[in-house]
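Here is the structure we will look at.
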Amino acid sequence: GKSFQIPGELHFATTRLYFQEPSTEHQRIYSEADCVIKLLEKSAAHTYWVSEPQTNRKSKYTYKNGILQEAIVDHALIDFVTKLHSYTP
């Protein structure tokens, strides 16, 4: 099969966005679905854009108290929205 090496260190992955709000120190994240490095940019308080430089696709993740409230995902195969309707800690 194919193999490739990712330059530099990675400390965050896109699947983790569904379970944990990222910190501003995570600027590069790995996408398991695409096997590419994506860029993470904080756009407002608790709101982040994840972009793929090669395709100009951007996804938006919004958090409240560290819990994902909404993800608007722009993916090559399908676009989708995930919203939290209720949460009990």
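Letters A, B, ... mark the chains of the structure tokens in the order given; residue numbers begin at 1 per chain; ligand numbers begin at 1, in order shown.
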
Residue contacts of segment 80-89 of chain A (7 Å, only C-alpha atoms) excluding same-chain residues fewer than 2 positions away, as a ChimeraX atom specification: /A:69-74,78

Selection: 6 Å around Ser31 of chain A, only C-alpha atoms, excl. self and same-chain fewer than 2 positions, as a VMD selection string: chain A and resid 13 to 14 33 to 36

What lies within 12 Å of Leu40 of chain A using only C-alpha atoms, ignoring chain neighbours under 5 positions off, as a PDB file with N, CA, C and O atoms, in the first residue's frame?
ATOM      1  N   PHE A  12      -3.250  16.962  17.254  1.00  0.00           N
ATOM      2  CA  PHE A  12      -4.705  17.038  17.200  1.00  0.00           C
ATOM      3  C   PHE A  12      -5.182  16.447  15.882  1.00  0.00           C
ATOM      4  O   PHE A  12      -4.501  16.555  14.868  1.00  0.00           O
ATOM      5  N   ALA A  13      -6.360  15.829  15.900  1.00  0.00           N
ATOM      6  CA  ALA A  13      -6.941  15.240  14.693  1.00  0.00           C
ATOM      7  C   ALA A  13      -8.385  15.714  14.559  1.00  0.00           C
ATOM      8  O   ALA A  13      -9.021  16.102  15.545  1.00  0.00           O
ATOM      9  N   THR A  14      -8.911  15.673  13.348  1.00  0.00           N
ATOM     10  CA  THR A  14     -10.259  16.199  13.110  1.00  0.00           C
ATOM     11  C   THR A  14     -11.328  15.450  13.891  1.00  0.00           C
ATOM     12  O   THR A  14     -12.295  16.062  14.337  1.00  0.00           O
ATOM     13  N   LEU A  17     -12.205  16.901  17.243  1.00  0.00           N
ATOM     14  CA  LEU A  17     -13.010  18.128  17.280  1.00  0.00           C
ATOM     15  C   LEU A  17     -14.418  17.867  17.797  1.00  0.00           C
ATOM     16  O   LEU A  17     -15.068  18.765  18.325  1.00  0.00           O
ATOM     17  N   GLU A  21     -12.812  20.848  22.514  1.00  0.00           N
ATOM     18  CA  GLU A  21     -12.510  22.120  21.864  1.00  0.00           C
ATOM     19  C   GLU A  21     -10.998  22.245  21.729  1.00  0.00           C
ATOM     20  O   GLU A  21     -10.273  22.019  22.697  1.00  0.00           O
ATOM     21  N   PRO A  22     -10.518  22.589  20.551  1.00  0.00           N
ATOM     22  CA  PRO A  22      -9.067  22.696  20.368  1.00  0.00           C
ATOM     23  C   PRO A  22      -8.513  23.946  21.057  1.00  0.00           C
ATOM     24  O   PRO A  22      -9.253  24.878  21.354  1.00  0.00           O
ATOM     25  N   SER A  23      -7.230  23.945  21.298  1.00  0.00           N
ATOM     26  CA  SER A  23      -6.588  25.148  21.821  1.00  0.00           C
ATOM     27  C   SER A  23      -5.932  25.887  20.662  1.00  0.00           C
ATOM     28  O   SER A  23      -5.753  25.336  19.577  1.00  0.00           O
ATOM     29  N   THR A  24      -5.579  27.121  20.893  1.00  0.00           N
ATOM     30  CA  THR A  24      -4.987  27.925  19.823  1.00  0.00           C
ATOM     31  C   THR A  24      -3.594  27.440  19.433  1.00  0.00           C
ATOM     32  O   THR A  24      -3.089  27.819  18.391  1.00  0.00           O
ATOM     33  N   GLU A  25      -2.995  26.576  20.245  1.00  0.00           N
ATOM     34  CA  GLU A  25      -1.676  26.044  19.886  1.00  0.00           C
ATOM     35  C   GLU A  25      -1.759  25.007  18.772  1.00  0.00           C
ATOM     36  O   GLU A  25      -0.766  24.672  18.151  1.00  0.00           O
ATOM     37  N   HIS A  26      -2.959  24.485  18.497  1.00  0.00           N
ATOM     38  CA  HIS A  26      -3.133  23.501  17.433  1.00  0.00           C
ATOM     39  C   HIS A  26      -3.472  24.225  16.127  1.00  0.00           C
ATOM     40  O   HIS A  26      -4.609  24.587  15.893  1.00  0.00           O
ATOM     41  N   GLN A  27      -2.481  24.448  15.300  1.00  0.00           N
ATOM     42  CA  GLN A  27      -2.719  25.131  14.031  1.00  0.00           C
ATOM     43  C   GLN A  27      -2.784  24.153  12.866  1.00  0.00           C
ATOM     44  O   GLN A  27      -3.396  24.437  11.854  1.00  0.00           O
ATOM     45  N   ARG A  28      -2.139  23.025  13.025  1.00  0.00           N
ATOM     46  CA  ARG A  28      -2.165  21.976  12.001  1.00  0.00           C
ATOM     47  C   ARG A  28      -2.831  20.761  12.621  1.00  0.00           C
ATOM     48  O   ARG A  28      -2.442  20.332  13.700  1.00  0.00           O
ATOM     49  N   ILE A  29      -3.829  20.220  11.938  1.00  0.00           N
ATOM     50  CA  ILE A  29      -4.481  19.019  12.441  1.00  0.00           C
ATOM     51  C   ILE A  29      -4.547  17.977  11.325  1.00  0.00           C
ATOM     52  O   ILE A  29      -4.585  18.321  10.144  1.00  0.00           O
ATOM     53  N   TYR A  30      -4.571  16.736  11.739  1.00  0.00           N
ATOM     54  CA  TYR A  30      -4.580  15.636  10.780  1.00  0.00           C
ATOM     55  C   TYR A  30      -6.009  15.170  10.557  1.00  0.00           C
ATOM     56  O   TYR A  30      -6.770  14.970  11.500  1.00  0.00           O
ATOM     57  N   SER A  31      -6.376  15.006   9.310  1.00  0.00           N
ATOM     58  CA  SER A  31      -7.695  14.490   8.957  1.00  0.00           C
ATOM     59  C   SER A  31      -7.573  13.011   8.625  1.00  0.00           C
ATOM     60  O   SER A  31      -6.969  12.641   7.613  1.00  0.00           O
ATOM     61  N   THR A  47     -15.122  29.547  18.265  1.00  0.00           N
ATOM     62  CA  THR A  47     -15.479  29.213  16.879  1.00  0.00           C
ATOM     63  C   THR A  47     -14.200  29.033  16.077  1.00  0.00           C
ATOM     64  O   THR A  47     -13.296  29.864  16.138  1.00  0.00           O
ATOM     65  N   TYR A  48     -14.155  27.945  15.310  1.00  0.00           N
ATOM     66  CA  TYR A  48     -12.937  27.591  14.566  1.00  0.00           C
ATOM     67  C   TYR A  48     -13.284  27.198  13.139  1.00  0.00           C
ATOM     68  O   TYR A  48     -14.314  26.584  12.887  1.00  0.00           O
ATOM     69  N   TRP A  49     -12.381  27.533  12.233  1.00  0.00           N
ATOM     70  CA  TRP A  49     -12.464  27.094  10.847  1.00  0.00           C
ATOM     71  C   TRP A  49     -11.368  26.065  10.626  1.00  0.00           C
ATOM     72  O   TRP A  49     -10.229  26.254  11.039  1.00  0.00           O
ATOM     73  N   VAL A  50     -11.715  24.989   9.943  1.00  0.00           N
ATOM     74  CA  VAL A  50     -10.740  23.990   9.529  1.00  0.00           C
ATOM     75  C   VAL A  50     -10.724  24.019   8.007  1.00  0.00           C
ATOM     76  O   VAL A  50     -11.756  23.825   7.361  1.00  0.00           O
ATOM     77  N   SER A  51      -9.555  24.279   7.447  1.00  0.00           N
ATOM     78  CA  SER A  51      -9.470  24.395   5.991  1.00  0.00           C
ATOM     79  C   SER A  51      -8.445  23.423   5.429  1.00  0.00           C
ATOM     80  O   SER A  51      -7.488  23.045   6.091  1.00  0.00           O
ATOM     81  N   GLU A  52      -8.693  23.057   4.193  1.00  0.00           N
ATOM     82  CA  GLU A  52      -7.772  22.204   3.442  1.00  0.00           C
ATOM     83  C   GLU A  52      -7.199  23.057   2.324  1.00  0.00           C
ATOM     84  O   GLU A  52      -7.895  23.389   1.360  1.00  0.00           O
ATOM     85  N   PRO A  53      -5.933  23.460   2.463  1.00  0.00           N
ATOM     86  CA  PRO A  53      -5.341  24.390   1.487  1.00  0.00           C
ATOM     87  C   PRO A  53      -5.409  23.926   0.037  1.00  0.00           C
ATOM     88  O   PRO A  53      -5.561  24.739  -0.863  1.00  0.00           O
ATOM     89  N   LYS A  58     -13.718  24.612   3.581  1.00  0.00           N
ATOM     90  CA  LYS A  58     -13.656  25.059   4.968  1.00  0.00           C
ATOM     91  C   LYS A  58     -14.832  24.502   5.744  1.00  0.00           C
ATOM     92  O   LYS A  58     -15.955  24.502   5.265  1.00  0.00           O
ATOM     93  N   SER A  59     -14.552  24.050   6.961  1.00  0.00           N
ATOM     94  CA  SER A  59     -15.586  23.579   7.865  1.00  0.00           C
ATOM     95  C   SER A  59     -15.553  24.426   9.125  1.00  0.00           C
ATOM     96  O   SER A  59     -14.491  24.881   9.548  1.00  0.00           O
ATOM     97  N   LYS A  60     -16.713  24.624   9.736  1.00  0.00           N
ATOM     98  CA  LYS A  60     -16.827  25.507  10.899  1.00  0.00           C
ATOM     99  C   LYS A  60     -17.288  24.702  12.119  1.00  0.00           C
ATOM    100  O   LYS A  60     -18.254  23.935  12.031  1.00  0.00           O
ATOM    101  N   TYR A  61     -16.600  24.903  13.250  1.00  0.00           N
ATOM    102  CA  TYR A  61     -16.915  24.213  14.495  1.00  0.00           C
ATOM    103  C   TYR A  61     -17.146  25.256  15.583  1.00  0.00           C
ATOM    104  O   TYR A  61     -16.302  26.127  15.792  1.00  0.00           O
TER     105      TYR A  61
END

Residue list (strand (DSSP E), DSSP) for chain A, as a VMD selection string: chain A and resid 28 to 31 36 to 44 47 to 52 57 to 64 67 to 74 79 to 83

Convert the current residue selection to file output with N, CA and C atoms, as a short mmCIF file (atom, residue, chain, number, x, y, z; two decimals), in the first residue's frame.
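Output contents, as saved in selection38.cif:
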data_model
loop_
_atom_site.label_atom_id
_atom_site.label_comp_id
_atom_site.auth_asym_id
_atom_site.auth_seq_id
_atom_site.Cartn_x
_atom_site.Cartn_y
_atom_site.Cartn_z
N ARG A 28 -2.14 23.02 13.03
CA ARG A 28 -2.17 21.98 12.00
C ARG A 28 -2.83 20.76 12.62
N ILE A 29 -3.83 20.22 11.94
CA ILE A 29 -4.48 19.02 12.44
C ILE A 29 -4.55 17.98 11.33
N TYR A 30 -4.57 16.74 11.74
CA TYR A 30 -4.58 15.64 10.78
C TYR A 30 -6.01 15.17 10.56
N SER A 31 -6.38 15.01 9.31
CA SER A 31 -7.69 14.49 8.96
C SER A 31 -7.57 13.01 8.62
N VAL A 36 -4.85 13.92 5.18
CA VAL A 36 -4.14 15.16 4.85
C VAL A 36 -4.04 16.04 6.09
N ILE A 37 -3.13 16.99 6.02
CA ILE A 37 -3.00 18.00 7.06
C ILE A 37 -3.93 19.15 6.73
N LYS A 38 -4.72 19.56 7.71
CA LYS A 38 -5.61 20.71 7.54
C LYS A 38 -5.18 21.81 8.49
N LEU A 39 -5.61 23.01 8.20
CA LEU A 39 -5.25 24.15 9.03
C LEU A 39 -6.41 24.55 9.92
N LEU A 40 -6.11 24.85 11.18
CA LEU A 40 -7.10 25.24 12.16
C LEU A 40 -6.91 26.72 12.47
N GLU A 41 -8.00 27.48 12.38
CA GLU A 41 -7.94 28.92 12.61
C GLU A 41 -9.10 29.32 13.52
N LYS A 42 -8.79 30.02 14.60
CA LYS A 42 -9.84 30.52 15.49
C LYS A 42 -10.40 31.79 14.86
N SER A 43 -11.72 31.83 14.64
CA SER A 43 -12.31 32.99 13.97
C SER A 43 -13.05 33.90 14.93
N ALA A 44 -13.50 33.37 16.05
CA ALA A 44 -14.19 34.15 17.09
C ALA A 44 -14.10 33.33 18.37
N THR A 47 -15.12 29.55 18.27
CA THR A 47 -15.48 29.21 16.88
C THR A 47 -14.20 29.03 16.08
N TYR A 48 -14.15 27.94 15.31
CA TYR A 48 -12.94 27.59 14.57
C TYR A 48 -13.28 27.20 13.14
N TRP A 49 -12.38 27.53 12.23
CA TRP A 49 -12.46 27.09 10.85
C TRP A 49 -11.37 26.06 10.63
N VAL A 50 -11.71 24.99 9.94
CA VAL A 50 -10.74 23.99 9.53
C VAL A 50 -10.72 24.02 8.01
N SER A 51 -9.55 24.28 7.45
CA SER A 51 -9.47 24.39 5.99
C SER A 51 -8.44 23.42 5.43
N GLU A 52 -8.69 23.06 4.19
CA GLU A 52 -7.77 22.20 3.44
C GLU A 52 -7.20 23.06 2.32
N ARG A 57 -11.64 24.04 0.74
CA ARG A 57 -12.83 23.67 1.52
C ARG A 57 -12.63 24.12 2.96
N LYS A 58 -13.72 24.61 3.58
CA LYS A 58 -13.66 25.06 4.97
C LYS A 58 -14.83 24.50 5.74
N SER A 59 -14.55 24.05 6.96
CA SER A 59 -15.59 23.58 7.86
C SER A 59 -15.55 24.43 9.12
N LYS A 60 -16.71 24.62 9.74
CA LYS A 60 -16.83 25.51 10.90
C LYS A 60 -17.29 24.70 12.12
N TYR A 61 -16.60 24.90 13.25
CA TYR A 61 -16.91 24.21 14.49
C TYR A 61 -17.15 25.26 15.58
N THR A 62 -18.28 25.16 16.29
CA THR A 62 -18.64 26.12 17.33
C THR A 62 -18.86 25.38 18.65
N TYR A 63 -18.30 25.93 19.72
CA TYR A 63 -18.33 25.29 21.05
C TYR A 63 -18.94 26.23 22.09
N LYS A 64 -19.50 25.63 23.14
CA LYS A 64 -19.96 26.36 24.32
C LYS A 64 -19.52 25.55 25.54
N ILE A 67 -17.94 22.21 24.81
CA ILE A 67 -18.76 21.18 24.16
C ILE A 67 -19.15 21.64 22.76
N LEU A 68 -18.95 20.78 21.78
CA LEU A 68 -19.31 21.11 20.40
C LEU A 68 -20.81 21.35 20.29
N GLN A 69 -21.18 22.51 19.79
CA GLN A 69 -22.59 22.86 19.60
C GLN A 69 -23.04 22.63 18.17
N GLU A 70 -22.14 22.94 17.23
CA GLU A 70 -22.49 22.80 15.81
C GLU A 70 -21.23 22.62 14.98
N ALA A 71 -21.32 21.72 14.02
CA ALA A 71 -20.25 21.52 13.04
C ALA A 71 -20.88 21.62 11.66
N ILE A 72 -20.36 22.52 10.86
CA ILE A 72 -20.79 22.65 9.46
C ILE A 72 -19.61 22.17 8.63
N VAL A 73 -19.74 20.98 8.06
CA VAL A 73 -18.61 20.31 7.43
C VAL A 73 -18.74 20.34 5.92
N ASP A 74 -17.72 20.87 5.28
CA ASP A 74 -17.62 20.92 3.82
C ASP A 74 -16.62 19.85 3.42
N ASP A 79 -21.52 17.28 2.15
CA ASP A 79 -21.55 18.38 3.12
C ASP A 79 -22.62 18.05 4.14
N PHE A 80 -22.36 18.35 5.43
CA PHE A 80 -23.35 18.05 6.44
C PHE A 80 -23.22 18.98 7.64
N VAL A 81 -24.30 19.05 8.43
CA VAL A 81 -24.34 19.85 9.65
C VAL A 81 -24.66 18.92 10.81
N THR A 82 -23.90 19.05 11.88
CA THR A 82 -24.15 18.32 13.11
C THR A 82 -24.46 19.34 14.19
N LYS A 83 -25.62 19.19 14.88
CA LYS A 83 -26.01 20.12 15.96
C LYS A 83 -26.30 19.36 17.22
#

Helix (DSSP H, G or I) per DSSP on the backbone: members of chain A, as JSON, numbers by chain: {"A": [14, 15, 16, 17, 18]}

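Rounded to one decimal, atom CA of Leu77 of chain A and atom CA of His46 of chain A lie 26.8 Å from each other.
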